[in-house]
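**Student:** My structure is stored as start_36.txt, with compact mmCIF, C-alpha atoms.
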# COMPACT_ATOMS: atom_id res chain seq x y z
CA MET A 1 -15.85 33.82 -26.42
CA PRO A 2 -18.01 31.81 -28.85
CA LYS A 3 -20.72 29.86 -27.06
CA SER A 4 -19.40 26.36 -27.77
CA LYS A 5 -15.94 27.32 -26.60
CA GLN A 6 -17.36 28.80 -23.44
CA ASP A 7 -19.36 25.62 -22.82
CA ALA A 8 -16.23 23.54 -23.08
CA TYR A 9 -14.42 25.91 -20.73
CA GLN A 10 -17.26 25.65 -18.23
CA GLU A 11 -17.19 21.85 -18.40
CA PHE A 12 -13.46 21.85 -17.74
CA ILE A 13 -13.56 24.29 -14.82
CA LYS A 14 -16.52 22.40 -13.36
CA GLY A 15 -14.38 19.32 -12.80
CA LEU A 16 -11.27 21.15 -11.74
CA TRP A 17 -12.90 23.39 -9.19
CA ARG A 18 -16.67 23.95 -8.84
CA ASP A 19 -17.65 20.25 -8.78
CA ASN A 20 -14.24 18.87 -7.84
CA PRO A 21 -14.69 15.08 -7.62
CA VAL A 22 -12.91 14.90 -4.27
CA PHE A 23 -13.50 18.16 -2.42
CA VAL A 24 -17.10 18.70 -3.55
CA GLN A 25 -18.51 15.34 -4.66
CA VAL A 26 -16.38 13.31 -2.20
CA LEU A 27 -15.91 10.48 -4.74
CA GLY A 28 -12.98 8.12 -5.25
CA MET A 29 -12.08 8.08 -1.57
CA CYS A 30 -10.35 4.69 -1.63
CA PRO A 31 -7.30 5.67 -3.73
CA MET A 32 -7.51 9.15 -2.23
CA LEU A 33 -6.77 7.86 1.27
CA ALA A 34 -4.67 4.84 0.41
CA VAL A 35 -1.89 6.03 -1.88
CA THR A 36 -1.42 9.66 -0.90
CA ASN A 37 1.36 9.04 1.61
CA SER A 38 3.76 10.82 -0.73
CA ALA A 39 3.42 13.40 -3.48
CA GLU A 40 5.08 11.04 -5.96
CA ASN A 41 2.58 8.23 -5.35
CA ALA A 42 -0.24 10.74 -5.59
CA LEU A 43 1.06 11.95 -8.95
CA ALA A 44 1.36 8.40 -10.30
CA MET A 45 -2.12 7.47 -9.12
CA GLY A 46 -3.55 10.72 -10.48
CA GLY A 47 -1.81 10.15 -13.81
CA ALA A 48 -3.12 6.60 -14.13
CA THR A 49 -6.67 7.68 -13.27
CA PHE A 50 -6.34 10.60 -15.69
CA PHE A 51 -5.53 8.29 -18.60
CA VAL A 52 -8.26 5.77 -17.75
CA LEU A 53 -10.96 8.43 -17.31
CA VAL A 54 -10.16 10.37 -20.50
CA ALA A 55 -9.81 7.23 -22.65
CA SER A 56 -12.99 5.66 -21.24
CA SER A 57 -15.01 8.84 -21.67
CA PHE A 58 -13.85 9.12 -25.26
CA PHE A 59 -14.91 5.56 -26.09
CA VAL A 60 -18.17 5.66 -24.17
CA ALA A 61 -19.17 8.91 -25.87
CA SER A 62 -18.17 7.60 -29.32
CA LEU A 63 -20.00 4.30 -28.92
CA GLN A 64 -23.06 5.52 -27.02
CA ARG A 65 -25.52 4.98 -29.86
CA TRP A 66 -24.50 1.34 -30.30
CA ILE A 67 -24.66 0.39 -26.64
CA PRO A 68 -28.15 -0.85 -25.63
CA LYS A 69 -29.14 0.79 -22.37
CA GLN A 70 -29.86 -2.57 -20.69
CA VAL A 71 -26.18 -3.53 -20.80
CA ARG A 72 -24.63 -0.08 -20.65
CA ILE A 73 -23.07 -0.39 -17.18
CA SER A 74 -21.46 -3.74 -18.02
CA THR A 75 -20.10 -2.29 -21.26
CA TYR A 76 -18.71 0.76 -19.46
CA ILE A 77 -17.00 -1.51 -16.94
CA ILE A 78 -15.46 -3.59 -19.75
CA ILE A 79 -14.13 -0.41 -21.37
CA ILE A 80 -12.80 0.95 -18.07
CA ALA A 81 -11.25 -2.39 -17.06
CA THR A 82 -9.48 -2.65 -20.42
CA PHE A 83 -7.77 0.69 -19.95
CA VAL A 84 -6.93 -0.05 -16.33
CA THR A 85 -5.24 -3.32 -17.30
CA VAL A 86 -3.34 -1.58 -20.09
CA THR A 87 -2.19 1.06 -17.58
CA ASP A 88 -1.20 -1.64 -15.10
CA PHE A 89 1.06 -3.49 -17.57
CA THR A 90 2.51 -0.27 -18.98
CA LEU A 91 3.42 1.09 -15.55
CA GLU A 92 4.98 -2.22 -14.56
CA ALA A 93 7.14 -2.18 -17.68
CA LEU A 94 8.11 1.50 -17.59
CA VAL A 95 8.27 2.48 -13.90
CA PRO A 96 8.46 -0.77 -11.89
CA ARG A 97 9.36 1.03 -8.66
CA LEU A 98 6.24 3.19 -8.67
CA HIS A 99 4.16 0.21 -9.74
CA LYS A 100 5.40 -1.65 -6.69
CA GLU A 101 4.53 1.25 -4.39
CA LEU A 102 0.98 1.56 -5.73
CA GLY A 103 0.45 -2.20 -5.58
CA ALA A 104 -3.15 -3.34 -5.66
CA PHE A 105 -4.51 0.16 -6.09
CA ILE A 106 -3.91 0.29 -9.83
CA PRO A 107 -6.26 -2.64 -10.62
CA LEU A 108 -8.67 -1.05 -8.15
CA ILE A 109 -9.06 2.01 -10.39
CA VAL A 110 -11.78 -0.09 -12.09
CA ALA A 111 -13.85 0.32 -8.95
CA ASN A 112 -13.31 4.09 -8.71
CA CYS A 113 -16.88 5.39 -8.63
CA MET A 114 -15.75 8.73 -10.00
CA ILE A 115 -14.88 7.12 -13.35
CA LEU A 116 -18.05 5.06 -13.76
CA GLY A 117 -20.02 8.07 -12.50
CA ARG A 118 -18.70 10.31 -15.28
CA GLN A 119 -19.58 7.69 -17.94
CA GLU A 120 -23.14 7.29 -16.69
CA ALA A 121 -23.79 10.93 -15.84
CA PHE A 122 -21.98 12.69 -18.67
CA ALA A 123 -20.07 10.81 -21.37
CA SER A 124 -23.00 8.58 -22.37
CA ARG A 125 -25.29 11.54 -23.10
CA ASN A 126 -23.01 14.20 -24.56
CA SER A 127 -20.90 14.72 -27.65
CA VAL A 128 -17.44 13.19 -27.82
CA ARG A 129 -15.83 16.61 -27.60
CA LEU A 130 -17.70 17.67 -24.47
CA ALA A 131 -17.20 14.24 -22.90
CA VAL A 132 -13.44 14.48 -23.36
CA VAL A 133 -13.34 18.03 -22.00
CA ASP A 134 -15.44 16.95 -19.00
CA ALA A 135 -13.12 13.98 -18.40
CA LEU A 136 -10.05 16.23 -18.67
CA GLY A 137 -11.54 18.58 -16.10
CA MET A 138 -12.61 15.87 -13.67
CA ALA A 139 -9.31 14.02 -14.02
CA SER A 140 -7.34 17.24 -13.43
CA GLY A 141 -9.51 17.95 -10.40
CA PHE A 142 -8.82 14.47 -9.05
CA LEU A 143 -5.08 14.79 -9.73
CA PHE A 144 -5.03 18.20 -8.04
CA ALA A 145 -6.80 16.83 -4.95
CA LEU A 146 -4.52 13.78 -4.71
CA LEU A 147 -1.47 15.98 -5.06
CA ALA A 148 -2.70 18.41 -2.39
CA LEU A 149 -3.26 15.56 0.06
CA GLY A 150 -0.04 13.75 -0.86
CA SER A 151 2.09 16.90 -0.51
CA VAL A 152 0.70 17.82 2.90
CA ARG A 153 1.20 14.28 4.17
CA GLU A 154 4.72 13.93 2.79
CA ILE A 155 5.85 17.34 4.07
CA LEU A 156 4.58 16.74 7.61
CA GLY A 157 5.12 12.99 7.75
CA GLU A 158 8.62 12.77 6.31
CA GLY A 159 9.83 16.36 6.17
CA ARG A 160 10.28 16.01 2.44
CA LEU A 161 8.53 16.90 -0.79
CA LEU A 162 9.07 14.72 -3.87
CA GLY A 163 12.08 13.19 -2.11
CA MET A 164 13.77 16.53 -1.33
CA ASP A 165 14.49 17.34 2.31
CA LEU A 166 12.75 20.53 3.37
CA PHE A 167 13.70 20.99 6.99
CA SER A 168 16.82 20.73 9.11
CA PRO A 169 17.67 17.24 10.41
CA ASP A 170 16.24 18.31 13.79
CA PHE A 171 12.72 18.13 12.36
CA GLU A 172 10.91 15.19 13.90
CA PRO A 173 8.51 13.79 11.23
CA TRP A 174 4.92 13.27 12.32
CA VAL A 175 4.77 9.59 11.51
CA ILE A 176 0.99 9.57 11.92
CA MET A 177 0.63 11.67 8.76
CA ILE A 178 1.84 8.89 6.48
CA LEU A 179 -0.22 6.27 8.28
CA PRO A 180 -3.95 5.82 7.48
CA PRO A 181 -5.19 8.13 10.30
CA GLY A 182 -3.09 10.92 8.79
CA GLY A 183 -4.97 10.46 5.51
CA PHE A 184 -8.34 10.90 7.20
CA LEU A 185 -7.13 13.88 9.25
CA THR A 186 -5.64 15.67 6.26
CA LEU A 187 -8.66 14.97 4.06
CA GLY A 188 -10.98 16.31 6.76
CA LEU A 189 -8.95 19.48 7.15
CA LEU A 190 -8.73 20.03 3.38
CA LEU A 191 -12.52 19.52 3.02
CA LEU A 192 -13.01 22.06 5.81
CA PHE A 193 -10.71 24.52 4.06
CA PHE A 194 -12.39 24.19 0.66
CA ASN A 195 -15.87 24.49 2.16
CA TRP A 196 -14.76 27.59 4.03
CA LEU A 197 -13.46 29.08 0.77
CA ARG A 198 -16.78 28.32 -0.95
CA GLU A 199 -18.87 29.76 1.83
CA ARG A 200 -16.79 32.90 1.94
CA LYS A 201 -17.26 33.36 -1.79
CA GLU A 202 -21.01 32.82 -1.53
CA ARG A 203 -21.29 35.35 1.26
CA LEU A 204 -19.29 37.84 -0.76
CA VAL A 205 -21.63 37.38 -3.74
CA GLU A 206 -24.64 37.82 -1.45
CA ARG A 207 -23.24 40.99 0.00
CA LEU A 208 -22.48 42.35 -3.47
CA ASP A 209 -26.04 41.63 -4.54
CA ALA A 210 -27.42 43.34 -1.47
CA TRP A 211 -25.17 46.33 -2.04
CA GLU A 212 -26.23 46.59 -5.65
CA ALA A 213 -29.91 46.38 -4.66
CA GLN A 214 -29.38 49.16 -2.13
CA GLY A 215 -27.64 51.37 -4.63
CA GLN A 216 -30.53 51.31 -7.07
CA MET B 1 -19.51 -2.86 -32.01
CA LYS B 2 -20.04 -1.75 -35.59
CA THR B 3 -22.11 -4.84 -36.46
CA ALA B 4 -25.18 -3.55 -34.65
CA PRO B 5 -27.37 -1.15 -36.63
CA PRO B 6 -27.10 2.46 -35.45
CA THR B 7 -30.75 2.92 -34.65
CA VAL B 8 -32.14 4.51 -31.56
CA SER B 9 -35.52 3.07 -30.77
CA ASN B 10 -37.57 2.58 -27.67
CA ALA B 11 -38.32 -1.04 -28.53
CA GLU B 12 -36.80 -3.62 -26.25
CA PRO B 13 -33.66 -4.96 -27.98
CA SER B 14 -33.48 -8.71 -28.40
CA SER B 15 -31.40 -10.78 -26.02
CA ALA B 16 -29.22 -11.81 -28.93
CA ARG B 17 -28.34 -8.18 -29.53
CA LEU B 18 -27.45 -7.65 -25.86
CA ILE B 19 -25.30 -10.79 -25.82
CA ALA B 20 -23.64 -9.78 -29.09
CA THR B 21 -22.80 -6.31 -27.74
CA LEU B 22 -21.24 -7.63 -24.55
CA GLY B 23 -19.53 -10.49 -26.37
CA LEU B 24 -18.00 -8.13 -28.89
CA ALA B 25 -16.92 -5.70 -26.19
CA GLY B 26 -15.32 -8.56 -24.25
CA LEU B 27 -13.59 -9.87 -27.35
CA LEU B 28 -12.13 -6.49 -28.29
CA SER B 29 -11.10 -5.87 -24.70
CA GLY B 30 -9.41 -9.27 -24.53
CA LEU B 31 -7.54 -8.63 -27.77
CA ILE B 32 -6.24 -5.27 -26.52
CA ILE B 33 -5.18 -6.72 -23.18
CA VAL B 34 -3.36 -9.68 -24.73
CA THR B 35 -1.55 -7.36 -27.16
CA VAL B 36 -0.37 -5.06 -24.38
CA PHE B 37 0.55 -8.03 -22.18
CA GLU B 38 2.67 -9.57 -24.95
CA ALA B 39 4.30 -6.23 -25.68
CA THR B 40 5.25 -5.47 -22.08
CA LEU B 41 6.12 -8.99 -20.87
CA PRO B 42 9.78 -9.07 -22.09
CA THR B 43 10.54 -5.74 -20.37
CA ILE B 44 8.87 -6.84 -17.14
CA THR B 45 10.66 -10.23 -17.03
CA ALA B 46 14.01 -8.69 -17.91
CA HIS B 47 13.58 -6.11 -15.20
CA LYS B 48 12.73 -8.73 -12.57
CA ALA B 49 15.75 -10.86 -13.51
CA GLU B 50 17.97 -7.77 -13.35
CA MET B 51 16.60 -6.87 -9.91
CA LEU B 52 17.44 -10.38 -8.69
CA ARG B 53 20.99 -10.20 -10.11
CA GLN B 54 21.58 -6.82 -8.48
CA ALA B 55 20.28 -8.17 -5.19
CA VAL B 56 22.70 -11.12 -5.35
CA PHE B 57 25.69 -8.84 -5.96
CA LYS B 58 24.58 -6.77 -2.98
CA VAL B 59 24.16 -9.64 -0.52
CA LEU B 60 27.31 -11.51 -1.60
CA PRO B 61 30.09 -8.92 -1.80
CA GLY B 62 32.79 -9.77 -4.33
CA THR B 63 30.60 -11.87 -6.57
CA VAL B 64 31.18 -11.58 -10.30
CA SER B 65 29.26 -14.55 -11.68
CA LEU B 66 26.22 -16.54 -10.66
CA GLN B 67 24.98 -20.09 -11.00
CA PRO B 68 21.40 -20.90 -10.05
CA LEU B 69 21.11 -24.26 -8.29
CA THR B 70 18.17 -26.38 -7.31
CA TYR B 71 17.96 -29.28 -4.91
CA LYS B 72 16.96 -32.55 -6.52
CA ASP B 73 17.35 -36.16 -5.34
CA GLY B 74 19.75 -35.32 -2.56
CA GLN B 75 22.07 -33.03 -4.49
CA LEU B 76 22.39 -29.55 -5.88
CA VAL B 77 22.00 -29.41 -9.63
CA PRO B 78 22.65 -26.39 -11.84
CA VAL B 79 19.60 -24.93 -13.60
CA ASP B 80 19.38 -22.42 -16.42
CA LYS B 81 17.35 -19.73 -14.78
CA ALA B 82 16.81 -18.65 -11.21
CA GLU B 83 13.21 -19.16 -10.19
CA LYS B 84 11.55 -16.57 -8.05
CA ASP B 85 10.21 -19.16 -5.63
CA GLU B 86 12.11 -20.76 -2.80
CA GLU B 87 13.06 -23.89 -4.77
CA SER B 88 16.38 -22.62 -6.06
CA ILE B 89 19.37 -20.77 -4.65
CA LEU B 90 22.17 -18.91 -6.39
CA ALA B 91 25.84 -19.75 -5.98
CA GLY B 92 28.09 -16.71 -6.29
CA TYR B 93 31.65 -17.00 -7.62
CA GLY B 94 34.48 -14.49 -7.28
CA ALA B 95 36.80 -13.22 -10.00
CA ASP B 96 39.14 -16.21 -9.53
CA GLY B 97 36.28 -18.68 -10.02
CA ARG B 98 36.23 -19.61 -6.35
CA LEU B 99 32.88 -20.16 -4.64
CA ILE B 100 32.12 -17.19 -2.39
CA GLY B 101 28.80 -18.23 -0.94
CA TYR B 102 25.14 -18.74 -1.62
CA ALA B 103 22.30 -16.29 -2.08
CA ILE B 104 19.23 -17.89 -0.53
CA PRO B 105 15.70 -16.63 -1.10
CA GLY B 106 13.12 -16.70 1.65
CA ALA B 107 9.50 -15.67 2.03
CA GLY B 108 7.02 -15.45 4.84
CA PRO B 109 4.23 -13.37 6.31
CA GLY B 110 5.19 -9.92 7.56
CA PHE B 111 2.92 -7.39 9.25
CA GLN B 112 0.66 -6.88 6.22
CA ASP B 113 1.62 -9.22 3.42
CA ILE B 114 4.23 -11.75 2.35
CA ILE B 115 7.80 -10.44 2.61
CA ARG B 116 10.20 -11.85 0.03
CA LEU B 117 13.90 -11.44 0.64
CA LEU B 118 17.28 -12.70 -0.41
CA TYR B 119 20.27 -13.15 1.87
CA GLY B 120 23.88 -14.03 1.34
CA TYR B 121 25.32 -16.96 3.30
CA LEU B 122 28.93 -18.08 3.67
CA PRO B 123 28.92 -21.82 4.42
CA GLU B 124 32.51 -21.91 5.74
CA GLU B 125 32.06 -19.11 8.24
CA ARG B 126 28.41 -19.97 8.93
CA ARG B 127 27.52 -16.32 8.61
CA VAL B 128 24.87 -14.22 6.90
CA VAL B 129 26.67 -11.43 5.05
CA GLY B 130 23.87 -9.38 3.54
CA MET B 131 20.10 -9.14 3.25
CA GLU B 132 17.94 -7.52 0.61
CA ILE B 133 14.14 -7.21 0.69
CA LEU B 134 12.76 -8.08 -2.74
CA GLU B 135 9.07 -7.57 -2.09
CA SER B 136 7.08 -6.25 0.85
CA ARG B 137 4.04 -4.17 1.67
CA GLU B 138 4.95 -3.20 5.21
CA THR B 139 3.54 -0.01 6.74
CA PRO B 140 5.11 3.09 5.17
CA GLY B 141 7.20 4.97 7.71
CA LEU B 142 7.41 2.07 10.16
CA GLY B 143 7.57 -1.46 8.75
CA ASP B 144 9.21 -0.35 5.52
CA LYS B 145 12.30 0.51 7.56
CA ILE B 146 13.26 -3.16 7.14
CA TYR B 147 14.77 -1.99 3.85
CA LYS B 148 14.88 1.80 4.24
CA ASP B 149 16.75 1.90 7.55
CA ALA B 150 20.45 1.38 6.79
CA ASN B 151 21.19 0.59 10.44
CA PHE B 152 18.73 -2.29 10.45
CA VAL B 153 20.00 -3.69 7.16
CA ALA B 154 23.57 -3.44 8.48
CA ASN B 155 22.60 -5.96 11.18
CA PHE B 156 22.80 -8.62 8.50
CA ASP B 157 26.28 -7.76 7.23
CA ALA B 158 28.06 -10.16 9.58
CA LEU B 159 25.50 -12.19 11.42
CA SER B 160 26.29 -15.50 12.99
CA ILE B 161 23.57 -18.10 12.54
CA ASP B 162 24.52 -20.16 15.62
CA PRO B 163 22.58 -21.18 17.56
CA GLN B 164 19.83 -19.21 15.82
CA ILE B 165 19.27 -15.59 14.80
CA VAL B 166 17.23 -13.64 17.34
CA ALA B 167 15.76 -10.15 17.23
CA VAL B 168 16.40 -8.11 20.37
CA LYS B 169 15.17 -4.68 21.49
CA LYS B 170 16.95 -1.86 19.72
CA GLY B 171 20.33 -1.05 21.24
CA THR B 172 20.64 -4.24 23.26
CA LYS B 173 22.55 -6.28 20.67
CA THR B 174 25.51 -7.93 22.39
CA ALA B 175 26.17 -11.20 20.55
CA ALA B 176 26.97 -11.94 16.91
CA HIS B 177 23.71 -13.81 16.37
CA GLN B 178 21.49 -10.95 17.54
CA VAL B 179 19.65 -8.35 15.47
CA ASP B 180 18.65 -4.91 16.75
CA ALA B 181 14.91 -4.68 16.01
CA ILE B 182 13.33 -1.47 14.73
CA THR B 183 11.45 0.59 17.31
CA GLY B 184 7.79 0.61 16.31
CA ALA B 185 8.21 -2.18 13.80
CA THR B 186 8.99 -5.15 16.02
CA ILE B 187 6.68 -7.47 14.09
CA SER B 188 8.31 -6.65 10.74
CA SER B 189 11.81 -7.01 12.23
CA LYS B 190 10.96 -10.34 13.79
CA ALA B 191 9.36 -11.49 10.54
CA VAL B 192 12.63 -10.87 8.67
CA VAL B 193 14.57 -12.84 11.27
CA ARG B 194 12.02 -15.66 11.22
CA ILE B 195 12.09 -15.89 7.42
CA ILE B 196 15.89 -16.21 7.43
CA ASN B 197 15.80 -18.84 10.19
CA GLU B 198 13.18 -20.83 8.31
CA ALA B 199 15.17 -20.71 5.07
CA ASN B 200 18.24 -21.78 7.04
CA THR B 201 16.51 -24.86 8.44
CA ARG B 202 15.43 -25.69 4.94
CA TRP B 203 18.68 -25.14 3.06
CA LEU B 204 21.60 -25.57 5.47
CA PRO B 205 21.25 -29.35 5.92
CA ARG B 206 21.16 -29.68 2.13
CA LEU B 207 24.20 -27.43 1.68
CA ASN B 208 26.13 -29.18 4.46
CA LYS B 209 25.42 -32.57 2.95
CA VAL B 210 26.68 -31.42 -0.45
CA ILE B 211 29.74 -29.81 1.11
CA ASP B 212 30.54 -32.95 3.15
CA GLU B 213 30.21 -35.14 0.08
CA GLY B 214 32.41 -32.81 -1.95
CA PHE B 215 34.96 -33.02 0.86
CA LYS B 216 34.89 -36.84 0.77
CA GLN B 217 35.23 -36.84 -3.00
CA SER B 218 38.20 -34.52 -2.98
CA ARG B 219 39.97 -36.81 -0.51
What would you get if you wrote out this structure as structure tokens?

**Tutor:**
Amino acid sequence: MPKSKQDAYQEFIKGLWRDNPVFVQVLGMCPMLAVTNSAENALAMGGATFFVLVASSFFVASLQRWIPKQVRISTYIIIIATFVTVTDFTLEALVPRLHKELGAFIPLIVANCMILGRQEAFASRNSVRLAVVDALGMASGFLFALLALGSVREILGEGRLLGMDLFSPDFEPWVIMILPPGGFLTLGLLLLFFNWLRERKERLVERLDAWEAQGQ
Amino acid sequence: MKTAPPTVSNAEPSSARLIATLGLAGLLSGLIIVTVFEATLPTITAHKAEMLRQAVFKVLPGTVSLQPLTYKDGQLVPVDKAEKDEESILAGYGADGRLIGYAIPGAGPGFQDIIRLLYGYLPEERRVVGMEILESRETPGLGDKIYKDANFVANFDALSIDPQIVAVKKGTKTAAHQVDAITGATISSKAVVRIINEANTRWLPRLNKVIDEGFKQSR
């Protein structure tokens, strides 16, 4: 792979997996816990955040040389808030039912620290291309995490996934899973699972290294 | 933001430049937001009106046409458009042009936020014949059963309003003015009942007055 292409690939994978905004950086917890009571809500929230993050990163990276550093945060917030408001109106016009379900959490995307964090840490000091790839990766990582949490909670809490019944009518839904405590429980368990995966991988790499050293 | 010169220097930029940058950003942002708002507004308004119409047909079975009414100077006067607030009600007419009943909006605090609903009322029978939640943010899985649980909604299909609607523990409904509350969502259930009772106290005297006067006139 040519170097630049590999860089872009690395930036993308970084957001999706290695530095996943939710499971590794533990950012954006407010929407993460609040609107993941069903997979559909999680998808809508993830989609809205995806659009806002990618569009904001694109504009911040394109305009970085004209934004004085003293007012950069305010300018980023203006850019982010613009896209959030656009998303808010568009969702209300196109999918009013979902808009109603998500309620106040769409305007609150402005306050998602993951988005502002990417502008400050990455988009404002990299090329437009890399900034967009980074935003795509981070947004996909966020969407993936929301969907994981939303699916688990919907399956256990309502016995359904995306509105389709999964179990026999005898299944008693665990109501707690769609209530706020269920969000915390599921998030904790998922964090545990992803950290376990990471640790296992690290130990495997260590053992491989040791084995290689022995062999020589 | 293209007015500012594209120079990167370590010198402190002037305040004017900072103000200009933020001002320009705000201006552009405002322009974009207003454009999108204007573009989406007709769809959003149309959708809301359609939702209200659908709700009326649901709570007043047999209705084919609607007339929004508002109460002014002691009588009901027709208005062009139904308002979302509680200041107007909708009269529903059947296929033969006969008045079927009224769809009355109500709003009040639920468990988490304001619940807005619409219910159908037959003045002659003094009965509620349907209830539809228009807006609520009740707890998913518990409080949201006020519109997701068909058994609860069915409570309002033939509900006497005399002497007053009361919510009772699930399964203990014995009289026509009682509503079986939802287990685990007593507050939401009671809120719905309270909202309807409050709207009744507000609108029924007005309706009765109009009906009495109409009766006198027809004699």

**Student:** Which residues come within 10 Å of Val79 in chain B, counting all atoms listed in the file, excluding same-chain residues fewer than 4 positions away, as a PDB file with C-alpha atoms, in the frame of the given file?

**Tutor:**
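Saved the output as around.pdb:
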ATOM      1  CA  GLN B  67      24.980 -20.090 -11.000  1.00  0.00           C
ATOM      2  CA  PRO B  68      21.400 -20.900 -10.050  1.00  0.00           C
ATOM      3  CA  LEU B  69      21.110 -24.260  -8.290  1.00  0.00           C
ATOM      4  CA  THR B  70      18.170 -26.380  -7.310  1.00  0.00           C
ATOM      5  CA  TYR B  71      17.960 -29.280  -4.910  1.00  0.00           C
ATOM      6  CA  GLU B  83      13.210 -19.160 -10.190  1.00  0.00           C
ATOM      7  CA  SER B  88      16.380 -22.620  -6.060  1.00  0.00           C
ATOM      8  CA  ILE B  89      19.370 -20.770  -4.650  1.00  0.00           C
ATOM      9  CA  LEU B  90      22.170 -18.910  -6.390  1.00  0.00           C
TER      10      LEU B  90
END

**Student:** Pull out every residue of chain B sitting within 10 Å of chain A, counting only C-alpha atoms, and send them as a PDB file with C-alpha atoms, in the frame of the given file.

**Tutor:**
ATOM      1  CA  MET B   1     -19.510  -2.860 -32.010  1.00  0.00           C
ATOM      2  CA  LYS B   2     -20.040  -1.750 -35.590  1.00  0.00           C
ATOM      3  CA  THR B   3     -22.110  -4.840 -36.460  1.00  0.00           C
ATOM      4  CA  ALA B   4     -25.180  -3.550 -34.650  1.00  0.00           C
ATOM      5  CA  PRO B   5     -27.370  -1.150 -36.630  1.00  0.00           C
ATOM      6  CA  PRO B   6     -27.100   2.460 -35.450  1.00  0.00           C
ATOM      7  CA  THR B   7     -30.750   2.920 -34.650  1.00  0.00           C
ATOM      8  CA  VAL B   8     -32.140   4.510 -31.560  1.00  0.00           C
ATOM      9  CA  SER B   9     -35.520   3.070 -30.770  1.00  0.00           C
ATOM     10  CA  GLU B  12     -36.800  -3.620 -26.250  1.00  0.00           C
ATOM     11  CA  PRO B  13     -33.660  -4.960 -27.980  1.00  0.00           C
ATOM     12  CA  SER B  14     -33.480  -8.710 -28.400  1.00  0.00           C
ATOM     13  CA  SER B  15     -31.400 -10.780 -26.020  1.00  0.00           C
ATOM     14  CA  ARG B  17     -28.340  -8.180 -29.530  1.00  0.00           C
ATOM     15  CA  LEU B  18     -27.450  -7.650 -25.860  1.00  0.00           C
ATOM     16  CA  ILE B  19     -25.300 -10.790 -25.820  1.00  0.00           C
ATOM     17  CA  THR B  21     -22.800  -6.310 -27.740  1.00  0.00           C
ATOM     18  CA  LEU B  22     -21.240  -7.630 -24.550  1.00  0.00           C
ATOM     19  CA  GLY B  23     -19.530 -10.490 -26.370  1.00  0.00           C
ATOM     20  CA  LEU B  24     -18.000  -8.130 -28.890  1.00  0.00           C
ATOM     21  CA  ALA B  25     -16.920  -5.700 -26.190  1.00  0.00           C
ATOM     22  CA  GLY B  26     -15.320  -8.560 -24.250  1.00  0.00           C
ATOM     23  CA  LEU B  28     -12.130  -6.490 -28.290  1.00  0.00           C
ATOM     24  CA  SER B  29     -11.100  -5.870 -24.700  1.00  0.00           C
ATOM     25  CA  GLY B  30      -9.410  -9.270 -24.530  1.00  0.00           C
ATOM     26  CA  LEU B  31      -7.540  -8.630 -27.770  1.00  0.00           C
ATOM     27  CA  ILE B  32      -6.240  -5.270 -26.520  1.00  0.00           C
ATOM     28  CA  ILE B  33      -5.180  -6.720 -23.180  1.00  0.00           C
ATOM     29  CA  VAL B  34      -3.360  -9.680 -24.730  1.00  0.00           C
ATOM     30  CA  THR B  35      -1.550  -7.360 -27.160  1.00  0.00           C
ATOM     31  CA  VAL B  36      -0.370  -5.060 -24.380  1.00  0.00           C
ATOM     32  CA  PHE B  37       0.550  -8.030 -22.180  1.00  0.00           C
ATOM     33  CA  GLU B  38       2.670  -9.570 -24.950  1.00  0.00           C
ATOM     34  CA  ALA B  39       4.300  -6.230 -25.680  1.00  0.00           C
ATOM     35  CA  THR B  40       5.250  -5.470 -22.080  1.00  0.00           C
ATOM     36  CA  LEU B  41       6.120  -8.990 -20.870  1.00  0.00           C
ATOM     37  CA  PRO B  42       9.780  -9.070 -22.090  1.00  0.00           C
ATOM     38  CA  THR B  43      10.540  -5.740 -20.370  1.00  0.00           C
ATOM     39  CA  ILE B  44       8.870  -6.840 -17.140  1.00  0.00           C
ATOM     40  CA  THR B  45      10.660 -10.230 -17.030  1.00  0.00           C
ATOM     41  CA  ALA B  46      14.010  -8.690 -17.910  1.00  0.00           C
ATOM     42  CA  HIS B  47      13.580  -6.110 -15.200  1.00  0.00           C
ATOM     43  CA  LYS B  48      12.730  -8.730 -12.570  1.00  0.00           C
ATOM     44  CA  GLU B 135       9.070  -7.570  -2.090  1.00  0.00           C
ATOM     45  CA  SER B 136       7.080  -6.250   0.850  1.00  0.00           C
ATOM     46  CA  ARG B 137       4.040  -4.170   1.670  1.00  0.00           C
ATOM     47  CA  THR B 139       3.540  -0.010   6.740  1.00  0.00           C
ATOM     48  CA  PRO B 140       5.110   3.090   5.170  1.00  0.00           C
ATOM     49  CA  GLY B 141       7.200   4.970   7.710  1.00  0.00           C
ATOM     50  CA  LEU B 142       7.410   2.070  10.160  1.00  0.00           C
TER      51      LEU B 142
END

**Student:** Could you name the residues that touch Lys169 in chain B at 9 Å or less, counting all atoms listed in the file, but leaving out those on the same chain fewer than 5 positions away, as a ChimeraX atom specification?

**Tutor:** /B:179-183,186

**Student:** Mind checking which residues fall within 9 Å of Tyr9 in chain A, counting all atoms listed in the file, ignoring those fewer than 5 positions away in the same chain, and posting them as a short mmCIF file (atom, residue, chain, number, x, y, z; two decimals) with C-alpha atoms, in the coordinates of the input?

**Tutor:**
data_model
loop_
_atom_site.label_atom_id
_atom_site.label_comp_id
_atom_site.auth_asym_id
_atom_site.auth_seq_id
_atom_site.Cartn_x
_atom_site.Cartn_y
_atom_site.Cartn_z
CA SER A 4 -19.40 26.36 -27.77
CA LYS A 14 -16.52 22.40 -13.36
CA VAL A 133 -13.34 18.03 -22.00
#

**Student:** Just to confirm, what's the straight-line distance from CA of Arg116 in chain B to CA of Val166 in chain B in Å (one decimal)?

**Tutor:**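 So the two atoms, CA of Arg116 in chain B and CA of Val166 in chain B, lie 18.8 Å apart.
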